[in-house]
>>> print(open('run.cif').read())   # mmCIF, C-alpha atoms and all ligand atoms
data_data
#
loop_
_atom_site.label_atom_id
_atom_site.label_comp_id
_atom_site.auth_asym_id
_atom_site.auth_seq_id
_atom_site.Cartn_x
_atom_site.Cartn_y
_atom_site.Cartn_z
CA MET R 13 20.88 16.03 -19.34
CA ILE R 14 22.95 17.43 -16.53
CA GLN R 15 25.22 14.92 -14.83
CA ARG R 16 26.83 14.79 -11.41
CA PRO R 17 30.45 15.98 -11.14
CA ARG R 18 33.27 13.56 -11.92
CA GLY R 19 34.32 11.34 -9.04
CA THR R 20 31.04 11.74 -7.14
CA ARG R 21 28.22 9.25 -6.71
CA ASP R 22 24.49 9.20 -6.14
CA PHE R 23 23.21 6.69 -3.64
CA LEU R 24 19.83 5.26 -4.59
CA PRO R 25 17.54 3.96 -1.84
CA ASP R 26 18.77 0.32 -1.86
CA GLU R 27 22.40 1.36 -1.68
CA MET R 28 21.70 4.07 0.87
CA GLU R 29 19.86 1.63 3.11
CA ARG R 30 22.79 -0.75 2.92
CA ARG R 31 25.24 2.04 3.72
CA ARG R 32 23.21 3.24 6.72
CA HIS R 33 22.96 -0.31 7.99
CA TYR R 34 26.72 -0.81 8.06
CA GLU R 35 27.41 2.72 9.21
CA GLY R 36 25.15 1.92 12.17
CA LYS R 37 27.18 -1.18 12.94
CA LEU R 38 30.42 0.80 12.98
CA ARG R 39 28.83 3.39 15.21
CA SER R 40 27.68 0.78 17.69
CA VAL R 41 31.14 -0.81 17.91
CA ALA R 42 32.75 2.59 18.53
CA LYS R 43 30.26 3.27 21.32
CA ARG R 44 30.94 -0.15 22.81
CA PHE R 45 34.60 0.93 23.05
CA GLY R 46 33.64 4.11 24.90
CA PHE R 47 34.12 6.50 21.99
CA ARG R 48 31.71 9.42 21.42
CA GLU R 49 30.64 10.86 18.11
CA THR R 50 31.53 14.34 16.89
CA ALA R 51 30.99 16.32 13.71
CA THR R 52 33.00 19.18 12.27
CA PRO R 53 32.28 21.39 9.24
CA ILE R 54 32.51 20.06 5.71
CA PHE R 55 34.77 23.02 4.90
CA GLU R 56 37.60 24.58 6.89
CA ASP R 57 40.24 27.25 6.37
CA SER R 58 42.68 25.82 3.83
CA GLU R 59 45.44 26.73 6.26
CA LEU R 60 44.40 23.90 8.57
CA PHE R 61 45.31 21.28 5.99
CA ILE R 62 48.42 23.11 4.84
CA MET R 63 49.66 23.24 8.46
CA ARG R 64 49.16 19.51 8.71
CA SER R 65 50.65 18.32 5.43
CA GLY R 66 52.51 21.17 3.82
CA PRO R 67 51.57 23.29 0.77
CA ASN R 68 51.68 20.32 -1.63
CA ILE R 69 48.35 19.22 -0.20
CA LEU R 70 46.76 22.08 -2.19
CA ASP R 71 47.02 19.95 -5.33
CA GLU R 72 44.69 17.43 -3.73
CA LEU R 73 42.24 19.92 -2.24
CA TYR R 74 38.99 21.36 -3.43
CA ALA R 75 39.99 24.85 -2.37
CA PHE R 76 38.44 28.20 -3.19
CA LYS R 77 38.05 31.78 -2.01
CA ASP R 78 34.71 32.58 -0.45
CA LYS R 79 32.91 35.90 -0.93
CA GLY R 80 34.79 37.39 2.01
CA ASP R 81 38.10 36.49 0.35
CA ARG R 82 38.80 33.69 2.84
CA GLU R 83 40.77 30.69 1.64
CA ILE R 84 38.48 27.73 2.17
CA ALA R 85 38.90 24.02 1.47
CA LEU R 86 36.55 21.07 1.52
CA ARG R 87 38.04 18.70 4.06
CA PRO R 88 40.21 15.92 2.59
CA GLU R 89 40.20 14.00 5.88
CA LEU R 90 38.91 14.41 9.41
CA THR R 91 41.87 14.13 11.73
CA ALA R 92 43.04 17.74 11.40
CA PRO R 93 39.50 19.15 11.85
CA THR R 94 38.97 16.91 14.88
CA ILE R 95 42.21 18.04 16.51
CA ARG R 96 41.36 21.66 15.68
CA MET R 97 38.03 21.15 17.44
CA PHE R 98 39.85 19.61 20.39
CA VAL R 99 42.23 22.60 20.65
CA ASN R 100 39.33 25.08 20.29
CA ASN R 101 36.87 23.48 22.67
CA MET R 102 38.03 20.42 24.53
CA SER R 103 41.62 20.84 25.59
CA ASN R 104 40.78 21.03 29.30
CA GLU R 105 38.66 17.91 29.39
CA PRO R 106 39.89 14.85 31.24
CA LYS R 107 42.05 12.58 29.09
CA PRO R 108 41.89 10.38 27.25
CA ILE R 109 39.31 11.89 24.96
CA LYS R 110 37.88 9.20 22.72
CA LEU R 111 36.11 10.52 19.65
CA PHE R 112 34.74 9.04 16.47
CA TYR R 113 33.22 10.53 13.32
CA PHE R 114 31.66 9.59 10.06
CA GLY R 115 31.51 11.95 7.14
CA GLN R 116 32.46 12.77 3.61
CA CYS R 117 35.87 13.92 2.46
CA PHE R 118 36.91 15.52 -0.78
CA ARG R 119 40.11 14.99 -2.71
CA TYR R 120 40.94 16.04 -6.21
CA GLU R 121 42.16 12.63 -7.36
CA ARG R 122 41.93 10.60 -10.52
CA PRO R 123 38.69 8.66 -10.06
CA GLN R 124 38.76 4.89 -10.41
CA SER R 125 37.25 1.90 -8.69
CA GLY R 126 37.47 2.59 -4.94
CA ARG R 127 38.86 6.08 -5.49
CA TYR R 128 36.45 8.97 -5.65
CA ARG R 129 36.53 12.73 -5.31
CA GLU R 130 33.86 12.56 -2.67
CA PHE R 131 34.18 9.62 -0.33
CA PHE R 132 33.35 8.71 3.25
CA GLN R 133 35.55 8.03 6.20
CA PHE R 134 34.64 6.43 9.49
CA GLY R 135 37.40 7.34 11.89
CA ALA R 136 38.37 7.59 15.52
CA GLU R 137 40.87 9.62 17.50
CA LEU R 138 42.16 8.83 20.97
CA ILE R 139 43.58 12.01 22.40
CA GLY R 140 45.75 12.26 25.45
CA SER R 141 48.64 9.86 25.73
CA ALA R 142 51.44 8.09 23.96
CA THR R 143 51.28 4.60 25.34
CA PRO R 144 51.20 1.16 23.76
CA ASP R 145 47.80 0.79 25.45
CA THR R 146 46.49 3.76 23.48
CA ASP R 147 47.71 2.34 20.19
CA ALA R 148 46.38 -1.10 21.11
CA GLU R 149 42.97 0.41 21.85
CA ALA R 150 42.88 2.15 18.47
CA ILE R 151 43.99 -0.95 16.58
CA ALA R 152 41.51 -3.13 18.50
CA LEU R 153 38.69 -0.77 17.60
CA ALA R 154 39.64 -0.79 13.91
CA VAL R 155 39.84 -4.59 13.88
CA SER R 156 36.55 -4.98 15.76
CA MET R 157 34.82 -2.70 13.29
CA ILE R 158 36.07 -4.68 10.33
CA GLU R 159 35.08 -7.94 12.03
CA GLU R 160 31.64 -6.56 12.82
CA LEU R 161 31.05 -5.81 9.16
CA GLY R 162 31.89 -9.43 8.42
CA LEU R 163 34.77 -8.84 6.00
CA LYS R 164 36.55 -12.18 5.81
CA GLU R 165 39.88 -11.44 4.22
CA TYR R 166 41.92 -8.53 5.43
CA ARG R 167 45.48 -7.91 6.41
CA LEU R 168 46.68 -5.71 9.25
CA ARG R 169 50.24 -4.39 9.14
CA ILE R 170 51.80 -2.53 12.03
CA GLY R 171 54.99 -0.51 11.89
CA HIS R 172 56.77 2.31 13.68
CA ILE R 173 57.69 5.39 11.76
CA GLY R 174 59.97 6.72 14.49
CA VAL R 175 62.55 4.04 13.77
CA LEU R 176 62.73 4.80 10.09
CA ARG R 177 62.84 8.54 10.65
CA GLN R 178 65.77 8.06 13.03
CA LYS R 179 67.57 5.85 10.52
CA LEU R 180 67.11 8.48 7.81
CA LEU R 181 68.39 11.23 10.13
CA ASP R 182 71.36 9.02 11.04
CA VAL R 183 72.46 8.67 7.43
CA GLY R 184 72.24 12.44 7.01
CA ILE R 185 68.86 13.08 5.36
CA PRO R 186 67.92 16.69 6.19
CA ALA R 187 64.52 17.24 7.82
CA GLU R 188 63.21 19.15 4.81
CA ASN R 189 63.73 16.14 2.53
CA MET R 190 62.22 13.68 4.97
CA ALA R 191 58.61 13.83 3.75
CA GLU R 192 59.57 13.34 0.11
CA ILE R 193 61.70 10.30 0.85
CA LEU R 194 59.17 8.79 3.23
CA GLN R 195 56.54 9.07 0.52
CA LYS R 196 58.75 7.17 -1.93
CA LEU R 197 59.55 4.53 0.68
CA ASP R 198 55.85 4.21 1.47
CA LYS R 199 55.29 3.14 -2.12
CA LYS R 200 58.48 1.02 -2.07
CA ALA R 201 59.61 3.16 -4.99
CA TYR R 202 63.29 2.49 -4.31
CA ASP R 203 64.27 3.41 -7.85
CA GLU R 204 62.89 6.89 -7.16
CA ALA R 205 64.10 7.20 -3.56
CA GLY R 206 67.63 6.03 -4.49
CA PRO R 207 68.67 8.93 -6.75
CA ILE R 208 67.30 11.53 -4.33
CA MET R 209 69.24 9.98 -1.46
CA GLU R 210 72.34 9.75 -3.59
CA VAL R 211 72.20 13.48 -4.31
CA LEU R 212 71.89 14.05 -0.57
CA GLY R 213 75.15 12.15 -0.13
CA VAL R 214 73.84 8.87 1.29
CA SER R 215 76.18 5.95 0.58
CA GLN R 216 75.04 2.87 -1.31
CA ASN R 217 75.60 0.79 1.82
CA SER R 218 73.37 2.96 3.99
CA MET R 219 70.75 3.03 1.29
CA ASP R 220 70.71 -0.75 0.98
CA GLU R 221 70.40 -1.03 4.72
CA ILE R 222 67.40 1.32 4.75
CA PHE R 223 65.69 -0.44 1.86
CA GLU R 224 66.22 -3.78 3.54
CA PHE R 225 64.75 -2.36 6.72
CA THR R 226 61.61 -1.07 5.01
CA ASP R 227 61.26 -4.47 3.34
CA THR R 228 61.26 -6.21 6.72
CA ILE R 229 57.96 -7.87 7.32
CA GLY R 230 56.89 -10.83 9.43
CA GLY R 231 55.62 -11.95 12.81
CA VAL R 232 56.58 -10.47 16.17
CA GLU R 233 60.03 -12.07 15.86
CA VAL R 234 60.82 -9.24 13.42
CA LEU R 235 60.85 -6.94 16.45
CA ASP R 236 64.27 -8.35 17.35
CA ARG R 237 65.53 -6.11 14.57
CA VAL R 238 64.07 -2.95 16.08
CA PRO R 239 66.58 -1.34 18.41
CA GLY R 240 66.02 0.59 21.62
CA GLU R 241 62.88 2.20 22.91
CA PRO R 242 60.69 1.73 19.79
CA GLY R 243 61.45 -2.01 19.93
CA ASP R 244 60.32 -2.21 23.56
CA TYR R 245 57.30 -0.12 22.74
CA LEU R 246 56.24 -2.40 19.90
CA ARG R 247 56.77 -5.50 22.06
CA THR R 248 54.45 -4.08 24.72
CA LEU R 249 51.93 -3.20 22.02
CA ALA R 250 52.11 -6.76 20.70
CA SER R 251 51.47 -8.16 24.15
CA ARG R 252 48.45 -5.87 24.68
CA LEU R 253 47.04 -6.88 21.31
CA SER R 254 47.57 -10.52 22.12
CA ALA R 255 45.74 -10.04 25.44
CA MET R 256 42.81 -8.69 23.43
CA GLY R 257 42.90 -11.68 21.10
CA ILE R 258 44.45 -9.84 18.18
CA ASP R 259 47.41 -11.68 16.69
CA GLY R 260 46.84 -12.26 13.00
CA TYR R 261 48.87 -9.25 11.88
CA ASP R 262 52.25 -8.55 10.38
CA ILE R 263 54.93 -6.31 11.73
CA ASP R 264 55.96 -4.29 8.71
CA LEU R 265 58.76 -1.82 9.27
CA GLY R 266 58.03 -0.30 5.87
CA VAL R 267 54.61 1.04 6.82
CA VAL R 268 55.18 4.73 6.37
CA ARG R 269 51.80 6.29 5.54
CA GLY R 270 51.51 9.01 2.95
CA LEU R 271 51.14 11.93 5.33
CA ASP R 272 54.07 13.18 7.29
CA TYR R 273 52.60 13.97 10.68
CA TYR R 274 52.82 10.51 12.22
CA THR R 275 55.38 10.09 14.95
CA GLY R 276 55.26 6.54 16.30
CA VAL R 277 53.20 3.46 15.62
CA VAL R 278 51.53 3.37 12.23
CA PHE R 279 49.19 0.76 10.85
CA GLU R 280 47.30 -0.11 7.72
CA VAL R 281 44.62 -2.60 6.81
CA GLU R 282 44.15 -3.85 3.31
CA ALA R 283 41.56 -6.02 1.64
CA PRO R 284 43.34 -8.07 -1.05
CA VAL R 285 40.05 -8.64 -2.89
CA LEU R 286 40.15 -4.97 -3.96
CA GLY R 287 43.26 -5.25 -6.12
CA ALA R 288 45.02 -1.93 -6.67
CA GLU R 289 43.06 0.38 -4.35
CA LYS R 290 43.10 -2.11 -1.52
CA GLN R 291 43.86 -0.04 1.54
CA ILE R 292 40.72 0.12 3.66
CA CYS R 293 42.12 1.68 6.83
CA GLY R 294 45.12 3.76 7.81
CA GLY R 295 46.18 5.16 11.14
CA GLY R 296 48.84 5.78 13.70
CA SER R 297 50.04 8.00 16.49
CA TYR R 298 50.80 11.65 15.97
CA THR R 299 50.96 15.10 17.55
CA LEU R 300 49.07 17.83 15.73
CA SER R 301 47.54 20.00 18.46
CA GLN R 302 50.67 22.15 18.87
CA LEU R 303 50.46 23.10 15.18
CA PHE R 304 46.98 24.48 15.74
CA GLY R 305 47.86 26.64 18.72
CA GLY R 306 47.35 24.13 21.52
CA GLU R 307 49.72 22.28 23.78
CA GLU R 308 51.47 19.23 22.40
CA VAL R 309 49.21 16.27 23.06
CA PHE R 310 49.80 12.75 21.82
CA SER R 311 47.01 11.07 19.93
CA THR R 312 46.36 7.91 18.00
CA GLY R 313 43.75 7.71 15.32
CA PHE R 314 42.67 5.92 12.21
CA ALA R 315 40.22 6.24 9.37
CA ILE R 316 38.39 3.47 7.61
CA GLY R 317 37.60 4.13 3.96
CA PHE R 318 33.90 3.38 4.24
CA ASP R 319 33.29 3.13 0.49
CA ARG R 320 36.21 0.80 0.00
CA ILE R 321 35.31 -1.53 2.80
CA LEU R 322 31.76 -1.79 1.43
CA LEU R 323 33.22 -2.54 -1.98
CA ALA R 324 35.39 -5.28 -0.48
CA MET R 325 32.37 -6.79 1.27
CA GLU R 326 30.44 -6.80 -1.96
CA LYS R 327 33.34 -8.50 -3.74
CA GLU R 328 33.41 -11.14 -1.02
CA GLY R 329 29.74 -11.80 -1.73
CA ILE R 330 28.37 -10.45 1.54
CA GLU R 331 24.81 -9.65 0.61
CA TYR R 332 22.59 -7.12 2.24
CA GLU R 333 18.87 -7.67 2.06
CA SER R 334 16.64 -4.62 2.10
CA GLU R 335 14.49 -4.36 5.20
CA GLY R 336 11.42 -3.31 3.23
CA ILE R 337 8.38 -2.20 5.21
CA ASP R 338 6.14 -3.96 7.69
CA VAL R 339 2.72 -3.41 6.18
CA TYR R 340 1.19 -2.21 2.96
CA VAL R 341 -2.46 -1.21 3.33
CA VAL R 342 -4.62 -1.91 0.28
CA PRO R 343 -8.10 -0.43 -0.06
CA VAL R 344 -10.29 -2.90 -1.95
CA SER R 345 -12.42 -0.10 -3.40
CA ASP R 346 -12.46 3.69 -3.40
CA ASP R 347 -15.06 3.87 -0.65
CA THR R 348 -12.71 2.13 1.81
CA ARG R 349 -9.88 4.63 1.22
CA PRO R 350 -10.76 6.71 4.31
CA ASP R 351 -10.53 3.55 6.43
CA ALA R 352 -7.25 2.59 4.74
CA ALA R 353 -5.89 6.03 5.61
CA ARG R 354 -7.11 5.72 9.21
CA ILE R 355 -5.52 2.26 9.63
CA THR R 356 -2.27 3.41 8.02
CA ALA R 357 -2.06 6.37 10.40
CA MET R 358 -2.78 4.14 13.39
CA LEU R 359 -0.04 1.66 12.47
CA ARG R 360 2.51 4.44 11.86
CA LYS R 361 1.70 5.94 15.24
CA ALA R 362 2.34 2.57 16.81
CA GLY R 363 5.84 2.57 15.31
CA ILE R 364 5.14 0.15 12.48
CA SER R 365 6.50 1.07 9.06
CA CYS R 366 3.48 1.28 6.89
CA ASP R 367 2.47 2.54 3.48
CA THR R 368 -0.69 2.69 1.46
CA ASP R 369 -1.82 3.37 -2.09
CA ILE R 370 -1.88 7.02 -3.18
CA MET R 371 -2.00 6.30 -6.91
CA GLY R 372 -5.69 5.37 -7.05
CA ARG R 373 -4.73 1.80 -8.01
CA LYS R 374 -7.11 -1.10 -8.18
CA MET R 375 -6.55 -3.87 -5.66
CA GLY R 376 -4.55 -6.22 -7.93
CA LYS R 377 -2.07 -3.54 -8.98
CA ALA R 378 -1.76 -2.30 -5.39
CA MET R 379 -0.92 -5.85 -4.25
CA LYS R 380 1.77 -6.06 -6.88
CA TYR R 381 3.25 -2.76 -5.72
CA ALA R 382 3.27 -4.09 -2.14
CA SER R 383 5.70 -6.80 -3.19
CA THR R 384 7.97 -4.36 -5.04
CA VAL R 385 8.36 -2.36 -1.80
CA ASN R 386 9.13 -5.63 -0.04
CA SER R 387 6.30 -5.47 2.46
CA LYS R 388 6.08 -8.21 5.08
CA PHE R 389 2.30 -7.96 5.40
CA VAL R 390 -0.54 -6.59 3.36
CA ALA R 391 -3.65 -5.38 5.13
CA ILE R 392 -6.63 -5.62 2.80
CA VAL R 393 -9.34 -3.15 3.70
CA GLY R 394 -12.68 -4.32 2.26
CA LYS R 395 -16.28 -3.44 3.00
CA THR R 396 -17.25 -6.84 4.39
CA GLU R 397 -14.25 -6.96 6.70
CA LEU R 398 -14.98 -3.43 7.93
CA GLU R 399 -18.47 -4.51 9.02
CA SER R 400 -16.79 -6.55 11.75
CA GLU R 401 -14.15 -3.79 12.36
CA SER R 402 -11.56 -6.11 10.79
CA VAL R 403 -9.16 -6.34 7.87
CA THR R 404 -7.66 -9.29 6.03
CA LEU R 405 -3.98 -9.57 6.94
CA ARG R 406 -1.82 -11.41 4.48
CA ASP R 407 1.66 -12.65 5.37
CA MET R 408 3.59 -12.04 2.16
CA SER R 409 6.25 -14.68 2.76
CA SER R 410 3.93 -17.59 3.66
CA GLY R 411 0.91 -16.37 1.68
CA GLU R 412 -1.31 -17.08 4.71
CA GLN R 413 -4.29 -14.79 5.28
CA LYS R 414 -6.55 -14.25 8.22
CA LEU R 415 -9.20 -11.90 9.47
CA VAL R 416 -7.83 -9.60 12.18
CA LEU R 417 -9.69 -7.05 14.30
CA ILE R 418 -8.35 -3.55 13.59
CA SER R 419 -7.94 -3.12 17.35
CA GLU R 420 -5.63 -6.17 17.39
CA LEU R 421 -3.70 -5.32 14.25
CA VAL R 422 -0.69 -3.74 15.96
CA LYS R 423 -0.27 -6.71 18.29
CA GLU R 424 -0.69 -9.17 15.44
CA ILE R 425 2.01 -7.49 13.33
CA GLN R 426 4.51 -7.07 16.15
CA PHE R 427 3.66 -10.48 17.54
P1 LIG K 1 45.58 5.79 -0.75
O1 LIG K 1 46.99 5.36 -0.58
O2 LIG K 1 44.68 4.69 -1.24
O3 LIG K 1 45.44 7.06 -1.54
P2 LIG K 1 45.55 7.34 1.64
O4 LIG K 1 46.78 6.97 2.36
O5 LIG K 1 45.50 8.58 0.85
O6 LIG K 1 45.05 6.11 0.72
P3 LIG K 1 44.18 8.00 4.06
O7 LIG K 1 44.43 9.44 3.92
O8 LIG K 1 44.90 7.24 5.09
O9 LIG K 1 44.33 7.30 2.65
O10 LIG K 1 42.61 7.75 4.26
C1 LIG K 1 42.11 6.62 4.98
C2 LIG K 1 41.30 5.71 4.08
O11 LIG K 1 40.40 6.44 3.28
C3 LIG K 1 42.13 4.95 3.08
O12 LIG K 1 42.66 3.80 3.66
C4 LIG K 1 41.13 4.60 2.00
O13 LIG K 1 40.41 3.44 2.35
C5 LIG K 1 40.20 5.77 2.05
N1 LIG K 1 40.44 6.68 0.92
C6 LIG K 1 41.46 7.55 0.75
N2 LIG K 1 41.32 8.25 -0.40
C7 LIG K 1 40.16 7.81 -0.96
C8 LIG K 1 39.44 8.16 -2.15
N3 LIG K 1 39.88 9.09 -2.98
N4 LIG K 1 38.29 7.49 -2.42
C9 LIG K 1 37.83 6.54 -1.57
N5 LIG K 1 38.44 6.19 -0.44
C10 LIG K 1 39.60 6.81 -0.12
MG MG K 2 45.74 9.05 -1.14
#
>>> encode(input="run.cif", output="structure tokens")
Amino acid sequence: MIQRPRGTRDFLPDEMERRRHYEGKLRSVAKRFGFRETATPIFEDSELFIMRSGPNILDELYAFKDKGDREIALRPELTAPTIRMFVNNMSNEPKPIKLFYFGQCFRYERPQSGRYREFFQFGAELIGSATPDTDAEAIALAVSMIEELGLKEYRLRIGHIGVLRQKLLDVGIPAENMAEILQKLDKKAYDEAGPIMEVLGVSQNSMDEIFEFTDTIGGVEVLDRVPGEPGDYLRTLASRLSAMGIDGYDIDLGVVRGLDYYTGVVFEVEAPVLGAEKQICGGGSYTLSQLFGGEEVFSTGFAIGFDRILLAMEKEGIEYESEGIDVYVVPVSDDTRPDAARITAMLRKAGISCDTDIMGRKMGKAMKYASTVNSKFVAIVGKTELESESVTLRDMSSGEQKLVLISELVKEIQF
């Protein structure tokens, strides 16, 4: 039997309905914040992702040559494609440009719980300015989305990568080694970062100071330790967030983010219930447009790992109940099938979700099937009822039945 590729999933109807339900909630929050939805291709020129993250990204990509010898990659994320689209088509539009997207991404990773080779991101990008208000807006949207889904336990950490970058430059780390060291610091892998920094001539004292800095985490009082302009920036951000009722977060000067294009504020959300793969959202401010041939424009964006957040909700016991259908129409005998078909068509036209037997089942079996498809009502179409242009309508949750005129059926079901 042929199986699906490693790291991919099939979504059966129950799961798909649940996913669409929550996807719809995220979409409605984004719209409430004045963001508009976009979509970009599933595949792009590999170059786009290399420009963003350097050639090492190739290890993570599903990349191939197409029949015209073009280097193509399945997208591993949606920020670079979105900014490419902005540079191609939207750069003259009034700022800020507030966009959101939902779609699948592909990464050649080792599959495990919460880590797949095909996964879904729900993200947003705010293009046009580098202000604390912009970052606050992005963070508020991310938080509101998570709240809307009903996830109870999550942790938001906010940092500023500019400060750490400056510190690393100050102790003499060359620009070309920056990404490598930031990646180690992101994972708090000091035992790996240490030797590299030592080779680059960084003293033990400076190293300790940097490690202590990236270990700094706490409430807004931590900001006293952030010098200069970034400190002021973060304090303004904190006050904006507080004005919007967001204050249950940590300032974490060690939030680095894996990718190296972030310039200022960075933030992450994790759901502790997930264990190892617990990060459900990552974002920050960056400039990418100039890499893709546009002018330099500041943006802030984030992506929620849709699969992971759903996993976290499931682990917290948030249950989703299938909507089922409104009516199942059961013909009592074969000679009422034409009437069953007519009534079914009428209800569907009226916007009621409705199904009927196509398996030639006897009434009892058809009734049973109606409960497996979770139907709210069953309309029983029998000869006697038809004589008075009526059907028997059964409420499946209360078990109550009554005779209803076919002409009143729509009204009766919609109440
Ligand atoms: P991680 O450190 O877990 O690899 P990341 O930093 O690579 O995450 P981002 O590139 O910021 O992740 O992507 C945003 C979100 O997408 C992550 O917070 C996570 O929830 C989700 N995500 C990333 N990679 C995967 C994957 N392979 N499978 C499922 N979800 C993923
Ligand atoms: Mg990753």
>>> closest_atom_pairs(input="run.cif", of="chain R", to="ligand MG 2 (chain K)", cutoff="12 Å", atoms="only C-alpha atoms and all ligand atoms", output="JSON lines")
{"residue": "R:Ile69", "atom": "CA", "partner": "K:MG2", "partner_atom": "MG", "distance": 10.5}
{"residue": "R:Asp71", "atom": "CA", "partner": "K:MG2", "partner_atom": "MG", "distance": 11.7}
{"residue": "R:Glu72", "atom": "CA", "partner": "K:MG2", "partner_atom": "MG", "distance": 8.8}
{"residue": "R:Leu73", "atom": "CA", "partner": "K:MG2", "partner_atom": "MG", "distance": 11.5}
{"residue": "R:Pro88", "atom": "CA", "partner": "K:MG2", "partner_atom": "MG", "distance": 9.6}
{"residue": "R:Glu89", "atom": "CA", "partner": "K:MG2", "partner_atom": "MG", "distance": 10.2}
{"residue": "R:Cys117", "atom": "CA", "partner": "K:MG2", "partner_atom": "MG", "distance": 11.6}
{"residue": "R:Phe118", "atom": "CA", "partner": "K:MG2", "partner_atom": "MG", "distance": 11.0}
{"residue": "R:Arg119", "atom": "CA", "partner": "K:MG2", "partner_atom": "MG", "distance": 8.3}
{"residue": "R:Tyr120", "atom": "CA", "partner": "K:MG2", "partner_atom": "MG", "distance": 9.9}
{"residue": "R:Glu121", "atom": "CA", "partner": "K:MG2", "partner_atom": "MG", "distance": 8.0}
{"residue": "R:Arg122", "atom": "CA", "partner": "K:MG2", "partner_atom": "MG", "distance": 10.2}
{"residue": "R:Pro123", "atom": "CA", "partner": "K:MG2", "partner_atom": "MG", "distance": 11.4}
{"residue": "R:Gly126", "atom": "CA", "partner": "K:MG2", "partner_atom": "MG", "distance": 11.2}
{"residue": "R:Arg127", "atom": "CA", "partner": "K:MG2", "partner_atom": "MG", "distance": 8.7}
{"residue": "R:Tyr128", "atom": "CA", "partner": "K:MG2", "partner_atom": "MG", "distance": 10.3}
{"residue": "R:Arg129", "atom": "CA", "partner": "K:MG2", "partner_atom": "MG", "distance": 10.8}
{"residue": "R:Phe131", "atom": "CA", "partner": "K:MG2", "partner_atom": "MG", "distance": 11.6}
{"residue": "R:Gln195", "atom": "CA", "partner": "K:MG2", "partner_atom": "MG", "distance": 10.9}
{"residue": "R:Asp198", "atom": "CA", "partner": "K:MG2", "partner_atom": "MG", "distance": 11.5}
{"residue": "R:Lys199", "atom": "CA", "partner": "K:MG2", "partner_atom": "MG", "distance": 11.3}
{"residue": "R:Arg269", "atom": "CA", "partner": "K:MG2", "partner_atom": "MG", "distance": 9.4}
{"residue": "R:Gly270", "atom": "CA", "partner": "K:MG2", "partner_atom": "MG", "distance": 7.1}
{"residue": "R:Leu271", "atom": "CA", "partner": "K:MG2", "partner_atom": "MG", "distance": 8.9}
{"residue": "R:Glu289", "atom": "CA", "partner": "K:MG2", "partner_atom": "MG", "distance": 9.6}
{"residue": "R:Lys290", "atom": "CA", "partner": "K:MG2", "partner_atom": "MG", "distance": 11.5}
{"residue": "R:Gln291", "atom": "CA", "partner": "K:MG2", "partner_atom": "MG", "distance": 9.7}
{"residue": "R:Ile292", "atom": "CA", "partner": "K:MG2", "partner_atom": "MG", "distance": 11.3}
{"residue": "R:Cys293", "atom": "CA", "partner": "K:MG2", "partner_atom": "MG", "distance": 11.4}
{"residue": "R:Gly294", "atom": "CA", "partner": "K:MG2", "partner_atom": "MG", "distance": 10.4}
{"residue": "R:Gly317", "atom": "CA", "partner": "K:MG2", "partner_atom": "MG", "distance": 10.8}
>>> closest_residue(input="run.cif", among="R:Val268, R:Thr348, R:Phe61, R:Phe112", to="Leu38 (chain R)", atoms="only C-alpha atoms")
R:Phe112
>>> residues_around(input="run.cif", residues="Gly257 (chain R)", least_positions_apart="4", cutoff="12 Å", atoms="only C-alpha atoms", output="compact mmCIF listing (two decimals) with C-alpha atoms, in the frame of the given file")
# COMPACT_ATOMS: atom_id res chain seq x y z
CA ALA R 148 46.38 -1.10 21.11
CA ILE R 151 43.99 -0.95 16.58
CA ALA R 152 41.51 -3.13 18.50
CA VAL R 155 39.84 -4.59 13.88
CA SER R 156 36.55 -4.98 15.76
CA ALA R 250 52.11 -6.76 20.70
CA SER R 251 51.47 -8.16 24.15
CA ARG R 252 48.45 -5.87 24.68
CA LEU R 253 47.04 -6.88 21.31
CA TYR R 261 48.87 -9.25 11.88
>>> axis_aligned_box(input="run.cif", around="ligand LIG 1 (chain K)", padding_each_side="6 Å", output="lines of an AutoDock Vina configuration file")
center_x = 42.4
center_y = 6.4
center_z = 1.1
size_x = 21.2
size_y = 18.0
size_z = 20.1
>>> closest_residue(input="run.cif", among="R:Asp346, R:Glu105, R:Glu241, R:Glu59", to="Arg87 (chain R)", atoms="only C-alpha atoms")
R:Glu59
>>> closest_residue(input="run.cif", among="R:Leu300, R:Ser400, R:Ser254, R:Met157", to="Ala92 (chain R)", atoms="only C-alpha atoms")
R:Leu300
>>> closest_residue(input="run.cif", among="R:Val234, R:Ile139, R:Ile337, R:Val342", to="Gly376 (chain R)", atoms="all atoms listed in the file")
R:Val342
>>> closest_residue(input="run.cif", among="R:Lys196, R:Ile316, R:Thr143, R:Val183", to="Pro242 (chain R)", atoms="only C-alpha atoms")
R:Thr143
>>> closest_residue(input="run.cif", among="R:Arg44, R:Arg32, R:Arg354, R:Lys380", to="Ile418 (chain R)", atoms="all atoms listed in the file")
R:Arg354
